[in-house]
Amino acid sequence: MKVAIASDHGGMNIRQEIKKLMEEMGIEYIDLGCECEGSVDYPDYAVPVAEKVASGEVDRGILICGTGIGMSIAANKVKGVRCALVHDLYSARMTREHNDSNVLAMGERVIGPGLAREIAKVWLTTEFAGGRHANRVNKIEKYEQERL
Ligand code: RB5
């Protein structure tokens with residue numbers, strides 16, 4: 001599995017924590033920033049990660065900002081991306097099993113690095129359950145193909 005990761009200035013600490021986790025797990029990643037000292041704009045980081053997922057250049061994306069909300073809104077504008085904003089372990093598992101989410105968003109001003117690390121670990125290792133959930137994901141993809 002190959003992962004693209006990015007954050008704005010509000011998510012830099014958790015980004016470093018998740019990079020360490022992926023190194024421990026032997027997961028290949030590309031870090032798309034930010035290398036910011038000041039304030040930056042989260043869409044400038046969400047969209048490049050989302051586009052790499054949508055194009056198949058990477059399998060998954062991880063985005064961190066202050067709340068995770070801006071990152072998830074921006075990433076979900078990219079066709080083919082199913083970005084889940086997650087701050088608990090149950091949702092981390094369920095969004096993989098039920099939604100086949102391919103991008104994870106988290107907020108560094110909402111949760112600490114320990115929980116973020118556990119969420120990422122569960123999200124990276126949980127498989128999509130398929131079956132009836134695949135029908136539902138297919139309906140989202142059909143809408144994207146026909147209407148967007
Ligand atoms: C930046 O101050 C903050 O707005 C951003 O990190 C994020 O929380 C947006 O949703």
# chains A, B, ... in the order shown; residues from 1 in each chain; ligands from 1

call {"tool": "residues_around", "arguments": {"residues": "stretch 10-15 of chain A", "least_positions_apart": "3", "cutoff": "7 Å", "atoms": "only C-alpha atoms", "output": "list in words"}}
result
Ala6, Ser7, Ile18, Lys19, Ile64, Cys65, Gly66, Gly107, Glu108, Pro113 and Ala116 of chain A

call {"tool": "write_last_selection", "arguments": {"atoms": "C-alpha atoms", "output": "compact mmCIF listing (two decimals), in the first residue's frame"}}
result
# COMPACT_ATOMS: atom_id res chain seq x y z
CA ALA A 6 -0.42 16.19 4.08
CA SER A 7 -1.46 18.74 6.67
CA ILE A 18 1.39 9.24 11.49
CA LYS A 19 4.53 9.22 9.34
CA ILE A 64 -4.76 16.61 9.02
CA CYS A 65 -5.80 20.18 9.81
CA GLY A 66 -7.08 21.89 12.94
CA GLY A 107 -8.24 17.32 13.44
CA GLU A 108 -5.22 18.03 15.62
CA PRO A 113 -1.45 12.25 18.80
CA ALA A 116 -4.77 9.83 16.02

call {"tool": "closest_atom_pairs", "arguments": {"of": "chain A", "to": "ligand 1", "cutoff": "12 Å", "atoms": "only C-alpha atoms and all ligand atoms", "output": "CSV"}}
result
residue,atom,partner,partner_atom_place_in_ligand_line,distance
A:Ala6,CA,ligand 1,6 (O),11.7
A:Ser7,CA,ligand 1,6 (O),8.2
A:Asp8,CA,ligand 1,6 (O),6.0
A:His9,CA,ligand 1,6 (O),6.6
A:Gly10,CA,ligand 1,6 (O),4.5
A:Gly11,CA,ligand 1,6 (O),6.7
A:Met12,CA,ligand 1,6 (O),9.8
A:Cys34,CA,ligand 1,6 (O),11.6
A:Gly38,CA,ligand 1,2 (O),10.4
A:Ser39,CA,ligand 1,1 (C),7.3
A:Val40,CA,ligand 1,1 (C),7.7
A:Asp41,CA,ligand 1,1 (C),7.5
A:Tyr42,CA,ligand 1,5 (C),6.3
A:Pro43,CA,ligand 1,9 (C),9.1
A:Asp44,CA,ligand 1,5 (C),11.7
A:Tyr45,CA,ligand 1,6 (O),10.9
A:Ala46,CA,ligand 1,10 (O),10.7
A:Leu63,CA,ligand 1,6 (O),10.4
A:Ile64,CA,ligand 1,6 (O),7.7
A:Cys65,CA,ligand 1,6 (O),3.9
A:Gly66,CA,ligand 1,8 (O),3.4
A:Thr67,CA,ligand 1,8 (O),3.9
A:Gly68,CA,ligand 1,10 (O),5.6
A:Ile69,CA,ligand 1,10 (O),4.4
A:Gly70,CA,ligand 1,10 (O),3.2
A:Met71,CA,ligand 1,10 (O),6.1
A:Ser72,CA,ligand 1,10 (O),8.1
A:Ile73,CA,ligand 1,10 (O),8.3
A:Ala74,CA,ligand 1,10 (O),9.3
A:Ala75,CA,ligand 1,10 (O),11.6
A:Leu85,CA,ligand 1,10 (O),10.9
A:Ala105,CA,ligand 1,10 (O),10.2
A:Met106,CA,ligand 1,8 (O),9.4
A:Gly107,CA,ligand 1,8 (O),6.7
A:Glu108,CA,ligand 1,6 (O),8.2
A:Arg109,CA,ligand 1,8 (O),7.7
A:Val110,CA,ligand 1,8 (O),9.3

call {"tool": "select_by_dssp", "arguments": {"residues": "stretch 38-109 of chain A", "states": "helix (DSSP H, G or I)", "output": "VMD selection string"}}
result
chain A and resid 43 to 55 69 to 75 89 to 97

call {"tool": "residues_around", "arguments": {"residues": "A:Lys2", "least_positions_apart": "4", "cutoff": "10 Å", "atoms": "only C-alpha atoms", "output": "list in words"}}
result
Met22, Ile27, Glu28, Tyr29, Ile30, Val53, Gly56, Glu57, Val58, Asp59, Arg60 and Gly61 of chain A

call {"tool": "write_last_selection", "arguments": {"atoms": "all heavy atoms", "output": "compact mmCIF listing (two decimals), in the first residue's frame"}}
result
# COMPACT_ATOMS: atom_id res chain seq x y z
N MET A 22 3.60 4.89 10.01
CA MET A 22 3.68 4.20 8.72
C MET A 22 5.07 3.61 8.52
O MET A 22 5.20 2.52 7.95
CB MET A 22 3.28 5.15 7.59
CG MET A 22 1.79 5.47 7.62
SD MET A 22 1.15 6.23 6.11
CE MET A 22 1.79 7.90 6.24
N ILE A 27 4.79 0.86 5.71
CA ILE A 27 3.93 1.41 4.66
C ILE A 27 4.67 2.55 3.95
O ILE A 27 5.17 3.48 4.59
CB ILE A 27 2.59 1.92 5.25
CG1 ILE A 27 1.77 0.72 5.77
CG2 ILE A 27 1.80 2.72 4.22
CD1 ILE A 27 0.48 1.12 6.47
N GLU A 28 4.70 2.46 2.63
CA GLU A 28 5.36 3.49 1.83
C GLU A 28 4.47 4.74 1.78
O GLU A 28 3.25 4.61 1.62
CB GLU A 28 5.57 2.94 0.42
CG GLU A 28 6.45 3.78 -0.46
CD GLU A 28 6.49 3.26 -1.90
OE1 GLU A 28 6.03 2.12 -2.13
OE2 GLU A 28 6.95 4.01 -2.76
N TYR A 29 5.06 5.93 1.92
CA TYR A 29 4.24 7.14 1.84
C TYR A 29 4.98 8.26 1.13
O TYR A 29 6.21 8.27 1.05
CB TYR A 29 3.80 7.60 3.25
CG TYR A 29 4.93 8.06 4.14
CD1 TYR A 29 5.47 9.36 4.03
CD2 TYR A 29 5.46 7.21 5.09
CE1 TYR A 29 6.49 9.77 4.85
CE2 TYR A 29 6.51 7.62 5.92
CZ TYR A 29 7.01 8.90 5.79
OH TYR A 29 8.05 9.32 6.60
N ILE A 30 4.18 9.20 0.62
CA ILE A 30 4.75 10.46 0.15
C ILE A 30 4.14 11.59 0.98
O ILE A 30 2.94 11.60 1.23
CB ILE A 30 4.55 10.73 -1.36
CG1 ILE A 30 3.18 10.28 -1.84
CG2 ILE A 30 5.61 10.09 -2.19
CD1 ILE A 30 2.94 10.62 -3.30
N VAL A 53 -4.92 10.07 -5.02
CA VAL A 53 -5.75 8.90 -4.72
C VAL A 53 -6.66 8.62 -5.92
O VAL A 53 -6.76 7.48 -6.40
CB VAL A 53 -6.58 9.12 -3.44
CG1 VAL A 53 -7.56 7.97 -3.22
CG2 VAL A 53 -5.66 9.27 -2.22
N GLY A 56 -4.99 7.01 -8.84
CA GLY A 56 -4.41 5.69 -8.59
C GLY A 56 -2.91 5.73 -8.35
O GLY A 56 -2.29 4.68 -8.16
N GLU A 57 -2.35 6.92 -8.33
CA GLU A 57 -0.90 7.03 -8.05
C GLU A 57 -0.58 6.53 -6.64
O GLU A 57 0.49 5.99 -6.38
CB GLU A 57 -0.48 8.49 -8.22
CG GLU A 57 1.02 8.69 -8.16
CD GLU A 57 1.42 10.14 -8.33
OE1 GLU A 57 0.71 10.92 -8.99
OE2 GLU A 57 2.48 10.49 -7.78
N VAL A 58 -1.51 6.74 -5.71
CA VAL A 58 -1.40 6.15 -4.37
C VAL A 58 -2.72 5.44 -4.06
O VAL A 58 -3.74 5.69 -4.70
CB VAL A 58 -1.11 7.20 -3.28
CG1 VAL A 58 0.21 7.92 -3.53
CG2 VAL A 58 -2.25 8.21 -3.17
N ASP A 59 -2.68 4.55 -3.07
CA ASP A 59 -3.88 3.80 -2.71
C ASP A 59 -4.78 4.57 -1.75
O ASP A 59 -6.00 4.46 -1.80
CB ASP A 59 -3.48 2.47 -2.05
CG ASP A 59 -2.55 1.68 -2.94
OD1 ASP A 59 -3.03 1.23 -3.99
OD2 ASP A 59 -1.35 1.57 -2.62
N ARG A 60 -4.14 5.32 -0.84
CA ARG A 60 -4.92 6.01 0.20
C ARG A 60 -4.30 7.38 0.49
O ARG A 60 -3.12 7.62 0.19
CB ARG A 60 -4.89 5.23 1.52
CG ARG A 60 -5.35 3.78 1.44
CD ARG A 60 -6.82 3.63 1.77
NE ARG A 60 -7.07 2.22 2.00
CZ ARG A 60 -7.06 1.64 3.20
NH1 ARG A 60 -6.86 2.35 4.28
NH2 ARG A 60 -7.29 0.34 3.30
N GLY A 61 -5.08 8.23 1.14
CA GLY A 61 -4.60 9.54 1.57
C GLY A 61 -4.93 9.80 3.02
O GLY A 61 -5.94 9.30 3.53

call {"tool": "closest_residue", "arguments": {"among": "A:Ile62, A:Val137, A:Ile111, A:Val122", "to": "A:His87", "atoms": "only C-alpha atoms"}}
result
A:Ile111

call {"tool": "residues_around", "arguments": {"residues": "A:Phe128", "least_positions_apart": "2", "cutoff": "6 Å", "atoms": "only C-alpha atoms", "output": "ChimeraX atom specification"}}
result
/A:96-97,100,130

call {"tool": "write_last_selection", "arguments": {"atoms": "N, CA, C and O atoms", "output": "PDB file, in the first residue's frame"}}
result
ATOM      1  N   ARG A  96     -14.044   2.108   6.893  1.00  0.00           N
ATOM      2  CA  ARG A  96     -13.350   1.217   5.960  1.00  0.00           C
ATOM      3  C   ARG A  96     -14.282   0.059   5.576  1.00  0.00           C
ATOM      4  O   ARG A  96     -14.438  -0.253   4.402  1.00  0.00           O
ATOM      5  N   GLU A  97     -14.909  -0.562   6.573  1.00  0.00           N
ATOM      6  CA  GLU A  97     -15.759  -1.724   6.285  1.00  0.00           C
ATOM      7  C   GLU A  97     -16.974  -1.341   5.444  1.00  0.00           C
ATOM      8  O   GLU A  97     -17.357  -2.068   4.543  1.00  0.00           O
ATOM      9  N   ASP A 100     -15.684   2.046   2.377  1.00  0.00           N
ATOM     10  CA  ASP A 100     -14.453   1.904   1.595  1.00  0.00           C
ATOM     11  C   ASP A 100     -13.767   3.272   1.440  1.00  0.00           C
ATOM     12  O   ASP A 100     -13.343   3.643   0.348  1.00  0.00           O
ATOM     13  N   GLY A 130     -17.497  -5.076   1.501  1.00  0.00           N
ATOM     14  CA  GLY A 130     -18.157  -5.403   0.234  1.00  0.00           C
ATOM     15  C   GLY A 130     -19.633  -5.725   0.440  1.00  0.00           C
ATOM     16  O   GLY A 130     -20.283  -5.166   1.318  1.00  0.00           O
TER      17      GLY A 130
END
